[in-house]
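So this block is start-v7.cif, mmCIF, C-alpha atoms:
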data_my_file
#
loop_
_atom_site.label_atom_id
_atom_site.label_comp_id
_atom_site.auth_asym_id
_atom_site.auth_seq_id
_atom_site.Cartn_x
_atom_site.Cartn_y
_atom_site.Cartn_z
CA MET A 1 2.77 -29.32 13.81
CA GLU A 2 -0.87 -28.74 14.73
CA LEU A 3 0.07 -25.64 16.72
CA LEU A 4 2.12 -24.19 13.86
CA GLY A 5 -1.17 -23.71 12.02
CA TYR A 6 -1.99 -20.96 14.49
CA TYR A 7 1.42 -19.27 14.36
CA ASN A 8 0.29 -16.80 11.67
CA TYR A 9 -2.59 -15.68 13.86
CA TRP A 10 -0.33 -15.27 16.88
CA VAL A 11 2.04 -13.12 14.84
CA PHE A 12 -1.00 -11.14 13.69
CA ALA A 13 -2.04 -10.53 17.30
CA ILE A 14 1.46 -9.59 18.44
CA VAL A 15 2.23 -7.27 15.49
CA LEU A 16 -1.21 -5.68 15.82
CA MET A 17 -0.52 -4.91 19.47
CA ILE A 18 2.99 -3.62 18.73
CA GLY A 19 1.44 -1.14 16.30
CA PHE A 20 -1.23 -0.22 18.84
CA TYR A 21 1.45 0.30 21.50
CA ALA A 22 3.30 2.71 19.19
CA VAL A 23 0.08 4.65 18.59
CA ILE A 24 -0.80 5.10 22.26
CA VAL A 25 2.67 5.55 23.74
CA SER A 26 4.59 7.78 21.31
CA ASN A 27 4.37 11.52 21.55
CA ASN A 28 5.79 12.00 18.08
CA LEU A 29 3.09 12.22 15.42
CA ILE A 30 5.17 10.54 12.69
CA LYS A 31 5.89 7.66 15.07
CA LYS A 32 2.16 7.37 15.68
CA LEU A 33 1.57 7.09 11.93
CA LEU A 34 4.29 4.41 11.67
CA GLY A 35 2.48 2.52 14.44
CA LEU A 36 -0.77 2.87 12.52
CA ALA A 37 0.94 1.48 9.39
CA ILE A 38 2.14 -1.57 11.39
CA PHE A 39 -1.37 -2.03 12.82
CA GLN A 40 -2.77 -1.94 9.30
CA SER A 41 -0.20 -4.44 7.98
CA ALA A 42 -1.13 -6.86 10.77
CA VAL A 43 -4.75 -6.81 9.61
CA PHE A 44 -3.57 -7.51 6.06
CA LEU A 45 -1.63 -10.52 7.36
CA MET A 46 -4.74 -11.92 9.06
CA TYR A 47 -6.83 -11.68 5.90
CA ILE A 48 -4.15 -13.21 3.69
CA THR A 49 -3.65 -16.03 6.22
CA MET A 50 -7.32 -16.91 5.80
CA ASP A 51 -6.97 -17.27 2.02
CA LYS A 52 -4.51 -20.17 2.17
CA VAL A 53 -5.76 -23.64 1.30
CA GLU A 54 -3.59 -26.65 2.06
CA GLY A 55 -1.78 -27.77 -1.09
CA GLY A 56 -3.22 -24.84 -3.01
CA THR A 57 -1.56 -22.38 -5.32
CA ALA A 58 -2.15 -18.78 -6.41
CA PRO A 59 -5.65 -18.43 -7.92
CA ILE A 60 -4.53 -18.22 -11.54
CA ILE A 61 -6.30 -20.95 -13.51
CA GLN A 62 -3.88 -23.07 -15.52
CA ALA A 63 -5.19 -24.33 -18.84
CA GLY A 64 -5.35 -28.10 -19.10
CA VAL A 65 -4.81 -28.68 -15.37
CA THR A 66 -7.93 -30.13 -13.80
CA ASP A 67 -7.33 -31.35 -10.24
CA GLN A 68 -5.40 -28.30 -8.97
CA ILE A 69 -6.52 -26.72 -5.68
CA TYR A 70 -6.52 -22.91 -5.71
CA SER A 71 -6.34 -20.58 -2.73
CA ASN A 72 -9.23 -18.24 -2.02
CA PRO A 73 -9.10 -15.14 -4.29
CA LEU A 74 -11.55 -13.03 -2.27
CA PRO A 75 -9.37 -11.96 0.71
CA GLN A 76 -6.59 -11.19 -1.77
CA VAL A 77 -8.81 -8.77 -3.70
CA LEU A 78 -9.91 -7.03 -0.49
CA ILE A 79 -6.35 -6.57 0.74
CA LEU A 80 -4.88 -5.62 -2.63
CA THR A 81 -7.11 -2.56 -2.83
CA ALA A 82 -6.71 -1.88 0.89
CA ILE A 83 -2.91 -1.57 0.52
CA VAL A 84 -3.26 1.16 -2.12
CA VAL A 85 -5.91 2.99 -0.10
CA GLY A 86 -3.63 2.60 2.95
CA VAL A 87 -0.75 4.46 1.32
CA SER A 88 -3.08 7.28 0.19
CA THR A 89 -4.53 7.77 3.66
CA THR A 90 -1.05 7.57 5.24
CA ALA A 91 0.08 10.31 2.83
CA LEU A 92 -2.92 12.40 3.88
CA GLY A 93 -1.99 11.89 7.54
CA LEU A 94 1.61 12.90 6.84
CA ALA A 95 0.41 16.03 5.03
CA ILE A 96 -1.58 16.99 8.13
CA VAL A 97 1.52 16.36 10.29
CA VAL A 98 3.61 18.62 8.03
CA ARG A 99 0.99 21.39 8.33
CA ILE A 100 0.96 20.94 12.13
CA LYS A 101 4.74 21.33 12.13
CA GLU A 102 4.43 24.55 10.12
CA ALA A 103 1.75 25.95 12.42
CA TYR A 104 3.18 24.88 15.82
CA GLY A 105 6.88 24.38 15.07
CA THR A 106 6.84 20.90 16.61
CA ILE A 107 5.35 17.46 16.03
CA GLU A 108 5.52 16.33 19.67
CA GLU A 109 2.04 15.92 21.03
CA ASP A 110 2.68 17.27 24.54
CA GLU A 111 4.27 20.48 23.18
CA ILE A 112 1.33 21.03 20.83
CA LEU A 113 -1.12 20.57 23.70
CA ALA A 114 0.92 22.93 25.90
CA GLN A 115 0.71 25.62 23.21
CA ASP A 116 -3.04 25.18 22.85
CA ARG A 117 -3.73 25.38 26.56
CA PRO A 118 -4.81 28.90 27.62
CA SER A 119 -2.16 30.18 30.00
CA MET B 1 10.23 -27.16 4.48
CA ILE B 2 8.28 -24.06 3.49
CA ILE B 3 6.66 -23.93 6.94
CA ILE B 4 10.06 -23.48 8.61
CA PHE B 5 10.79 -20.61 6.25
CA ALA B 6 7.39 -19.10 7.00
CA VAL B 7 7.94 -19.32 10.76
CA PHE B 8 11.36 -17.71 10.33
CA LEU B 9 9.91 -14.84 8.27
CA LEU B 10 7.04 -14.26 10.70
CA THR B 11 9.43 -14.14 13.65
CA LEU B 12 11.58 -11.67 11.73
CA LEU B 13 8.44 -9.61 11.17
CA VAL B 14 7.79 -9.34 14.91
CA ILE B 15 11.43 -8.40 15.57
CA THR B 16 11.34 -5.70 12.90
CA ALA B 17 8.10 -4.29 14.31
CA ILE B 18 9.67 -4.09 17.78
CA GLY B 19 12.69 -2.39 16.18
CA ILE B 20 10.46 0.24 14.57
CA VAL B 21 8.77 1.03 17.88
CA ARG B 22 12.04 1.19 19.80
CA ALA B 23 14.01 3.30 17.27
CA GLU B 24 14.41 6.89 18.46
CA ASN B 25 15.82 8.05 15.16
CA LEU B 26 12.82 8.34 12.88
CA PHE B 27 14.97 7.83 9.78
CA VAL B 28 15.94 4.40 11.13
CA ALA B 29 12.29 3.66 11.94
CA VAL B 30 11.19 4.51 8.38
CA MET B 31 13.93 2.34 6.88
CA LEU B 32 12.87 -0.54 9.15
CA THR B 33 9.30 -0.03 7.93
CA SER B 34 10.55 -0.59 4.41
CA ILE B 35 12.18 -3.87 5.49
CA PHE B 36 9.00 -4.78 7.39
CA SER B 37 7.01 -4.38 4.17
CA LEU B 38 9.44 -6.55 2.20
CA ILE B 39 9.20 -9.35 4.78
CA MET B 40 5.44 -8.96 4.72
CA ALA B 41 5.48 -9.27 0.92
CA ALA B 42 7.49 -12.50 1.19
CA ASN B 43 4.92 -13.80 3.68
CA PHE B 44 2.08 -12.96 1.32
CA PHE B 45 3.88 -14.84 -1.42
CA ILE B 46 4.23 -17.95 0.74
CA LEU B 47 0.50 -17.70 1.50
CA ASP B 48 -0.29 -17.91 -2.26
CA ALA B 49 -1.19 -14.25 -2.63
CA ALA B 50 1.07 -13.31 -5.55
CA ASP B 51 -0.94 -10.22 -6.51
CA VAL B 52 -0.93 -8.88 -2.97
CA ALA B 53 2.80 -9.59 -2.57
CA LEU B 54 3.52 -7.56 -5.70
CA THR B 55 1.41 -4.67 -4.42
CA GLU B 56 2.96 -4.72 -0.95
CA ALA B 57 6.50 -4.79 -2.38
CA ALA B 58 5.86 -1.88 -4.76
CA ILE B 59 3.79 0.27 -2.38
CA GLY B 60 4.88 -0.65 1.13
CA ALA B 61 8.59 -0.93 0.50
CA GLY B 62 8.78 1.67 -2.26
CA VAL B 63 6.28 4.50 -2.30
CA THR B 64 5.38 4.62 1.41
CA THR B 65 9.04 4.87 2.39
CA VAL B 66 9.65 7.75 -0.02
CA ILE B 67 6.58 9.66 1.23
CA PHE B 68 7.60 9.10 4.88
CA LEU B 69 11.12 10.37 4.10
CA GLY B 70 9.63 13.40 2.36
CA ALA B 71 7.60 14.15 5.48
CA LEU B 72 10.67 13.60 7.71
CA SER B 73 12.70 16.15 5.78
CA LEU B 74 9.92 18.67 6.42
CA THR B 75 9.60 17.93 10.13
CA ALA B 76 12.16 16.44 12.49
CA GLU B 77 14.39 13.44 12.16
CA ARG B 78 14.63 12.65 15.86
CA GLU B 79 11.97 11.80 18.32
CA LYS B 80 12.10 13.78 21.56
CA LYS B 81 12.83 11.64 24.58
CA VAL B 82 10.06 11.59 27.13
CA ASP B 83 10.10 10.06 30.57
CA VAL B 84 6.60 8.80 31.03
CA SER B 85 5.71 5.57 32.72
CA ARG B 86 4.63 3.08 30.11
CA GLY B 87 3.46 0.44 32.57
CA LEU B 88 -0.23 1.00 31.96
CA ALA B 89 0.19 0.96 28.15
CA ILE B 90 2.23 -2.25 28.29
CA CYS B 91 -0.40 -3.88 30.55
CA VAL B 92 -3.24 -2.95 28.17
CA VAL B 93 -1.32 -4.12 25.10
CA VAL B 94 -0.20 -7.43 26.62
CA ALA B 95 -3.69 -8.16 27.96
CA THR B 96 -5.28 -7.47 24.58
CA ALA B 97 -2.64 -9.58 22.81
CA LEU B 98 -3.32 -12.51 25.16
CA VAL B 99 -7.09 -12.23 24.59
CA LEU B 100 -6.54 -12.14 20.82
CA ILE B 101 -4.22 -15.17 20.97
CA TYR B 102 -6.77 -17.01 23.12
CA ALA B 103 -9.40 -16.22 20.48
CA THR B 104 -7.26 -17.69 17.67
CA PHE B 105 -7.80 -21.21 19.05
CA ASP B 106 -11.38 -20.96 17.81
CA LYS B 107 -10.21 -20.09 14.31
CA PRO B 108 -9.71 -22.73 11.64
CA ARG B 109 -6.12 -23.89 11.31
CA LEU B 110 -3.96 -22.36 8.54
CA GLY B 111 -4.81 -23.96 5.19
CA ASP B 112 -7.90 -25.81 6.44
CA PRO B 113 -10.01 -26.44 3.30
CA GLU B 114 -13.15 -26.77 5.48
CA ALA B 115 -12.84 -23.22 6.85
CA PRO B 116 -16.04 -21.15 6.48
CA VAL B 117 -14.24 -18.56 4.35
CA HIS B 118 -13.75 -21.16 1.61
CA GLN B 119 -17.38 -22.29 1.58
CA HIS B 120 -19.28 -19.19 0.47
CA VAL B 121 -18.68 -17.42 -2.87
CA ALA B 122 -15.03 -18.35 -3.42
CA PRO B 123 -15.65 -21.80 -4.99
CA TRP B 124 -18.16 -20.20 -7.34
CA TYR B 125 -15.59 -17.56 -8.39
CA LEU B 126 -13.00 -20.27 -9.03
CA SER B 127 -15.28 -22.54 -11.04
CA GLU B 128 -17.28 -19.98 -13.04
CA THR B 129 -14.62 -17.41 -13.96
CA GLU B 130 -13.35 -19.41 -16.89
CA THR B 131 -16.76 -19.65 -18.58
CA LEU B 132 -18.15 -16.23 -17.57
CA ILE B 133 -15.08 -14.05 -18.07
CA GLY B 134 -12.50 -16.24 -19.71
CA ILE B 135 -9.34 -14.88 -18.04
CA PRO B 136 -7.01 -17.06 -15.99
CA ASN B 137 -6.32 -14.69 -13.08
CA VAL B 138 -9.33 -15.02 -10.78
CA VAL B 139 -8.08 -12.19 -8.54
CA THR B 140 -8.27 -9.76 -11.47
CA ALA B 141 -11.69 -11.12 -12.43
CA VAL B 142 -13.08 -10.59 -8.92
CA LEU B 143 -11.42 -7.18 -8.64
CA GLY B 144 -12.46 -5.90 -12.04
CA SER B 145 -15.83 -7.51 -12.64
CA TYR B 146 -17.58 -9.28 -9.75
CA ARG B 147 -16.59 -6.64 -7.20
CA ALA B 148 -16.23 -3.70 -9.58
CA TYR B 149 -18.31 -1.40 -7.35
CA ASP B 150 -15.88 -1.96 -4.49
CA THR B 151 -12.88 -1.22 -6.71
CA LEU B 152 -14.57 1.92 -8.08
CA GLY B 153 -14.99 3.09 -4.49
CA GLU B 154 -11.33 2.43 -3.73
CA VAL B 155 -10.24 4.40 -6.80
CA PHE B 156 -12.33 7.34 -5.63
CA VAL B 157 -10.79 7.06 -2.15
CA VAL B 158 -7.34 7.34 -3.75
CA LEU B 159 -8.58 10.33 -5.76
CA ALA B 160 -10.02 11.96 -2.62
CA ALA B 161 -6.83 11.39 -0.61
CA CYS B 162 -4.75 12.92 -3.42
CA ILE B 163 -7.03 15.97 -3.55
CA GLY B 164 -6.78 16.22 0.25
CA VAL B 165 -2.98 16.24 0.21
CA LEU B 166 -2.91 18.86 -2.54
CA PHE B 167 -5.42 21.03 -0.65
CA LEU B 168 -3.44 20.80 2.59
CA PHE B 169 -0.30 21.88 0.76
CA SER B 170 -2.00 24.59 -1.29
CA ALA B 171 -1.65 27.13 1.52
CA ARG B 172 1.68 28.93 1.20
CA ARG B 173 3.94 29.65 4.12
CA GLU B 174 4.47 33.31 4.85
CA LYS B 175 8.21 33.22 5.41
CA LYS B 176 10.97 32.29 2.97
CA ASN B 177 9.27 33.55 -0.14
CA ASP B 178 12.49 34.26 -2.03
CA ASN B 179 12.91 32.23 -5.16
CA THR B 180 16.58 31.45 -4.67
CA LEU B 181 15.78 27.94 -3.50
CA ASN B 182 13.88 27.32 -6.69
CA SER B 183 16.87 28.03 -8.88
CA LEU B 184 18.49 25.23 -10.81
CA THR B 185 21.48 25.03 -8.47
CA SER B 186 19.56 24.01 -5.35
CA PRO B 187 20.24 20.47 -4.16
CA LYS B 188 16.61 19.59 -4.77
CA SER B 189 16.75 20.31 -8.48
CA ILE B 190 20.03 18.61 -9.28
CA GLY B 191 19.08 15.47 -7.40
CA LEU B 192 21.85 12.91 -7.17
CA GLN B 193 23.54 13.99 -10.39
CA HIS B 194 26.88 14.46 -8.66
CA HIS B 195 26.80 10.89 -7.32
CA PHE B 196 28.17 8.69 -10.05
CA ILE B 197 27.13 5.18 -8.99
CA PRO B 198 23.43 5.81 -8.17
CA ARG B 199 23.12 7.70 -11.41
CA VAL B 200 24.60 4.96 -13.60
CA VAL B 201 22.71 2.16 -11.83
CA GLY B 202 19.49 4.17 -11.89
CA ARG B 203 19.80 4.89 -15.58
CA ILE B 204 20.28 1.21 -16.33
CA LEU B 205 17.35 0.17 -14.10
CA LEU B 206 14.85 2.83 -15.14
CA PRO B 207 13.78 1.50 -18.57
CA PHE B 208 13.30 -1.97 -17.12
CA ILE B 209 11.17 -0.67 -14.23
CA ILE B 210 8.92 1.21 -16.66
CA LEU B 211 8.75 -1.81 -18.98
CA PHE B 212 7.92 -4.09 -16.05
CA GLY B 213 5.20 -1.67 -14.93
CA LEU B 214 3.60 -1.76 -18.38
CA TYR B 215 3.92 -5.55 -18.47
CA VAL B 216 2.19 -5.85 -15.09
CA GLN B 217 -0.55 -3.52 -16.36
CA PHE B 218 -1.32 -5.36 -19.58
CA HIS B 219 -0.55 -8.90 -18.42
CA GLY B 220 -2.63 -8.59 -15.25
CA GLU B 221 -5.40 -10.76 -16.70
CA TYR B 222 -3.03 -13.69 -17.24
CA GLY B 223 -0.54 -13.46 -14.39
CA PRO B 224 -0.20 -11.60 -11.12
CA GLY B 225 -0.72 -7.93 -11.73
CA GLY B 226 -3.22 -5.28 -12.68
CA GLY B 227 -3.83 -1.58 -12.45
CA PHE B 228 -3.00 -1.07 -8.76
CA GLN B 229 0.39 -2.79 -8.98
CA ALA B 230 1.27 -1.27 -12.36
CA GLY B 231 0.39 2.25 -11.24
CA ALA B 232 2.59 1.85 -8.17
CA ILE B 233 5.53 0.39 -10.12
CA LEU B 234 5.38 3.12 -12.77
CA ALA B 235 5.18 5.77 -10.04
CA THR B 236 8.19 4.20 -8.31
CA GLY B 237 10.17 4.37 -11.57
CA ILE B 238 9.37 8.04 -12.10
CA ILE B 239 10.11 8.83 -8.43
CA LEU B 240 13.52 7.18 -8.94
CA PHE B 241 14.04 9.43 -11.97
CA ALA B 242 13.09 12.47 -9.88
CA LEU B 243 15.52 11.49 -7.12
CA LEU B 244 18.36 10.95 -9.59
CA GLU B 245 17.89 13.85 -11.98
CA GLY B 246 16.10 16.34 -9.75
CA GLU B 247 12.52 17.47 -9.33
CA GLN B 248 12.62 19.95 -12.18
CA ARG B 249 13.46 17.42 -14.85
CA ALA B 250 10.84 14.96 -13.60
CA LEU B 251 8.23 17.73 -13.66
CA ALA B 252 9.41 18.74 -17.13
CA ALA B 253 8.79 15.17 -18.31
CA ILE B 254 5.32 14.91 -16.68
CA PRO B 255 4.04 18.32 -15.53
CA SER B 256 1.89 18.43 -12.40
CA ARG B 257 -1.10 19.60 -14.43
CA ALA B 258 -0.84 16.42 -16.52
CA LEU B 259 -0.69 14.40 -13.29
CA LEU B 260 -3.95 15.99 -12.12
CA TRP B 261 -5.56 15.07 -15.42
CA MET B 262 -4.30 11.51 -14.94
CA VAL B 263 -5.79 11.23 -11.43
CA ALA B 264 -9.19 12.53 -12.50
CA GLY B 265 -9.10 10.95 -15.96
CA GLY B 266 -8.47 7.40 -14.70
CA ALA B 267 -11.39 7.59 -12.28
CA MET B 268 -13.56 9.11 -15.03
CA LEU B 269 -12.60 6.33 -17.46
CA TYR B 270 -13.66 3.77 -14.86
CA SER B 271 -17.03 5.43 -14.25
CA LEU B 272 -17.54 5.96 -17.98
CA VAL B 273 -17.23 2.22 -18.63
CA GLY B 274 -20.03 1.74 -16.09
CA VAL B 275 -22.19 4.45 -17.68
CA VAL B 276 -21.67 3.02 -21.19
CA GLY B 277 -22.90 -0.33 -19.82
CA LEU B 278 -26.03 1.46 -18.54
CA LEU B 279 -26.64 3.13 -21.93
CA LEU B 280 -26.28 -0.20 -23.72
CA GLY B 281 -29.05 -1.64 -21.58
CA GLY B 282 -27.11 -3.47 -18.86
CA ASN B 283 -26.50 -2.69 -15.20
CA PHE B 284 -23.92 -0.19 -13.98
CA LEU B 285 -20.46 -1.78 -14.41
CA ASP B 286 -21.93 -4.82 -16.16
CA TYR B 287 -19.48 -5.36 -19.00
CA SER B 288 -21.35 -8.19 -20.75
CA VAL B 289 -23.24 -5.70 -22.92
CA LEU B 290 -20.10 -3.97 -24.22
CA SER B 291 -19.81 -6.50 -27.03
CA THR B 292 -22.09 -8.97 -28.78
CA ASP B 293 -20.14 -11.78 -27.12
CA PRO B 294 -20.65 -11.35 -23.33
CA VAL B 295 -17.32 -13.01 -22.46
CA PHE B 296 -15.45 -10.69 -24.84
CA GLY B 297 -17.40 -7.75 -23.40
CA GLN B 298 -16.23 -8.72 -19.89
CA GLN B 299 -12.63 -8.79 -21.10
CA ILE B 300 -12.92 -5.34 -22.76
CA GLY B 301 -14.46 -3.95 -19.58
CA ILE B 302 -11.76 -5.38 -17.31
CA ILE B 303 -8.93 -4.11 -19.53
CA LEU B 304 -10.47 -0.60 -19.63
CA ILE B 305 -11.14 -0.31 -15.91
CA GLU B 306 -7.68 -1.72 -15.06
CA LEU B 307 -6.24 0.99 -17.31
CA GLY B 308 -8.28 3.59 -15.43
CA VAL B 309 -7.09 2.22 -12.09
CA GLY B 310 -3.45 2.22 -13.25
CA ILE B 311 -3.61 5.82 -14.51
CA THR B 312 -5.27 7.09 -11.32
CA VAL B 313 -2.93 5.28 -8.93
CA CYS B 314 0.19 6.36 -10.84
CA GLY B 315 -1.00 9.97 -11.07
CA ALA B 316 -2.09 10.13 -7.43
CA LEU B 317 1.15 8.69 -6.01
CA LEU B 318 3.26 11.01 -8.18
CA SER B 319 1.14 14.06 -7.28
CA ILE B 320 1.53 13.24 -3.57
CA PHE B 321 5.30 12.77 -3.99
CA HIS B 322 5.70 16.07 -5.84
CA ALA B 323 3.51 17.86 -3.28
CA PHE B 324 5.82 16.75 -0.45
CA ALA B 325 8.97 17.53 -2.47
CA ALA B 326 7.78 20.99 -3.57
CA ARG B 327 6.86 21.97 -0.01
CA GLU B 328 10.52 22.40 0.90
CA ASN B 329 10.99 25.10 -1.71
CA TYR B 330 8.49 27.44 -0.11
#
For the file at hand, write its structure as structure tokens.
Amino acid sequence: MELLGYYNYWVFAIVLMIGFYAVIVSNNLIKKLLGLAIFQSAVFLMYITMDKVEGGTAPIIQAGVTDQIYSNPLPQVLILTAIVVGVSTTALGLAIVVRIKEAYGTIEEDEILAQDRPS
Amino acid sequence: MIIIFAVFLLTLLVITAIGIVRAENLFVAVMLTSIFSLIMAANFFILDAADVALTEAAIGAGVTTVIFLGALSLTAEREKKVDVSRGLAICVVVATALVLIYATFDKPRLGDPEAPVHQHVAPWYLSETETLIGIPNVVTAVLGSYRAYDTLGEVFVVLAACIGVLFLFSARREKKNDNTLNSLTSPKSIGLQHHFIPRVVGRILLPFIILFGLYVQFHGEYGPGGGFQAGAILATGIILFALLEGEQRALAAIPSRALLWMVAGGAMLYSLVGVVGLLLGGNFLDYSVLSTDPVFGQQIGIILIELGVGITVCGALLSIFHAFAARENY
């Protein structure tokens, strides 16, 4: 039971590294962005894990209830805005990928590099 | 009981992530990302983060998937197979994962009330919000008032990203300049009208999605919700309309020029609330001076800036969606 308290962090580490693996290994630019999105989600999971308090509930104050424990609102605020910013930056990355496809005719990294190399 | 469910969901999360990396068909990978986001939202909910779960479900599972699919239709659906040795990459990743897992043993256990993160400002937020701001949802209070600078910055990042996408897509392609694709008979403009079931189900769902979006916007001070979630839910509803009835009809309902005004207008409304506070003798984004009663002033300020956030997020997500959709017609 004591070890289960760390399970969230282990999943964070594993998912983070799966995303990182996708970023460094894939040649396809969209796959790289998917890996980046996984990486980002893992960080979100770590922050939200930190907000939990044993026996707590969502930080919405209930009128008339006095001895209720509430979870920490601060990590939630940070991540809530980060999710929205995350989708905007992902969209920007995808727009760049679409323009690369239009300019080079491919989104595979090795083919793009081969075209750029002076022959 | 809940811990078993949490462990199950987290394990599912890892499996889905591996599935995304292994999928060669990018369409499959994007769909798995949508599932990944839903599982993540369920995890956030278990961890008491109702606001974040709502955001992740609306944005991660909804909007991100649609934008990825839009990009896929403009590029390639399949990943090219490459035969490179991945031994080094796997070694690096596994080593880093082991170091990270080793480091977690120094972290406080999940739910530990003595953890440093719970000792600093959080107890003050929880105890003082009721007297200083007078709204039940502490997340909205921190987002809208205590950390309003931060949120203003995030809104401007969304604005900047939207402008960036529109700039990148403003350059026209040289080829295929004929307007035949733009005519009303192209598959893009009729949407899914010829599919009966999506159309009927979509029509039934649409009013409720919009209503729920407005509820989340205006009830965000009392329950989970606020401008970010509401903007995303409203955008999802309108994107559904665009998919069902075609781009042209969605753009006829809300023209892209109006969307641009929304993106800029929401951010301007937010900044304006701050400037009005300055003119009334307070600090920038200090809402206490907006009314004679400081608590009521805080509430006015939060409602106004949440409205600004909602308008900007909705406008930005829709502009980005339309930019990707319109690109195909060039």
Point to revise | Proximity to B:Gly301 - best of B:Ala148, B:Leu244, B:Cys162, B:Ile197, all atoms listed in the file | key: B:Ala148
Exercise for review: Quick one: everything within 9 Å of B:Thr33, counting all atoms listed in the file, minus sequence neighbours fewer than 6 positions away in the same chain. Send it as a list in words.
Suggested key: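 Residues meeting the cut-off are Leu34, Ala37 and Ile38 of chain A; Thr16, Ala17, Ile20, Gly60, Ala61, Thr64 and Thr65 of chain B.
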Check what the PyMOL selection byres ((chain B) within 6 of (chain A)) selects in the file above and give those residues as a compact mmCIF listing (two decimals) with C-alpha atoms, in the coordinates of the input.
# COMPACT_ATOMS: atom_id res chain seq x y z
CA VAL B 14 7.79 -9.34 14.91
CA VAL B 21 8.77 1.03 17.88
CA LEU B 47 0.50 -17.70 1.50
CA ASP B 48 -0.29 -17.91 -2.26
CA ALA B 49 -1.19 -14.25 -2.63
CA VAL B 52 -0.93 -8.88 -2.97
CA VAL B 93 -1.32 -4.12 25.10
CA ALA B 97 -2.64 -9.58 22.81
CA LEU B 100 -6.54 -12.14 20.82
CA ILE B 101 -4.22 -15.17 20.97
CA ARG B 109 -6.12 -23.89 11.31
CA LEU B 110 -3.96 -22.36 8.54
CA GLY B 111 -4.81 -23.96 5.19
CA ASP B 112 -7.90 -25.81 6.44
CA PRO B 113 -10.01 -26.44 3.30
CA ALA B 122 -15.03 -18.35 -3.42
CA PRO B 136 -7.01 -17.06 -15.99
CA ASN B 137 -6.32 -14.69 -13.08
CA VAL B 138 -9.33 -15.02 -10.78
CA VAL B 139 -8.08 -12.19 -8.54
CA LEU B 143 -11.42 -7.18 -8.64
CA VAL B 158 -7.34 7.34 -3.75
CA ALA B 161 -6.83 11.39 -0.61
CA VAL B 165 -2.98 16.24 0.21
Review point. Which value, in Å to one decimal, gives the distance between atom CA of B:Ser127 and atom CA of B:Tyr222?
Key: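 For atom CA of B:Ser127 relative to atom CA of B:Tyr222, the distance reads 16.3 Å.
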**Study point:** Test item: the PyMOL selection byres ((chain B and resi 266) around 8) resolved as a PyMOL selection string
**Key:** chain B and resi 262-265+267-270+307-312
Check your understanding: For B:Ala42, which of B:Ala325, B:Ala235, B:Ala57, B:Ala253 is the closest residue, counting all atoms listed in the file?
Key -> B:Ala57
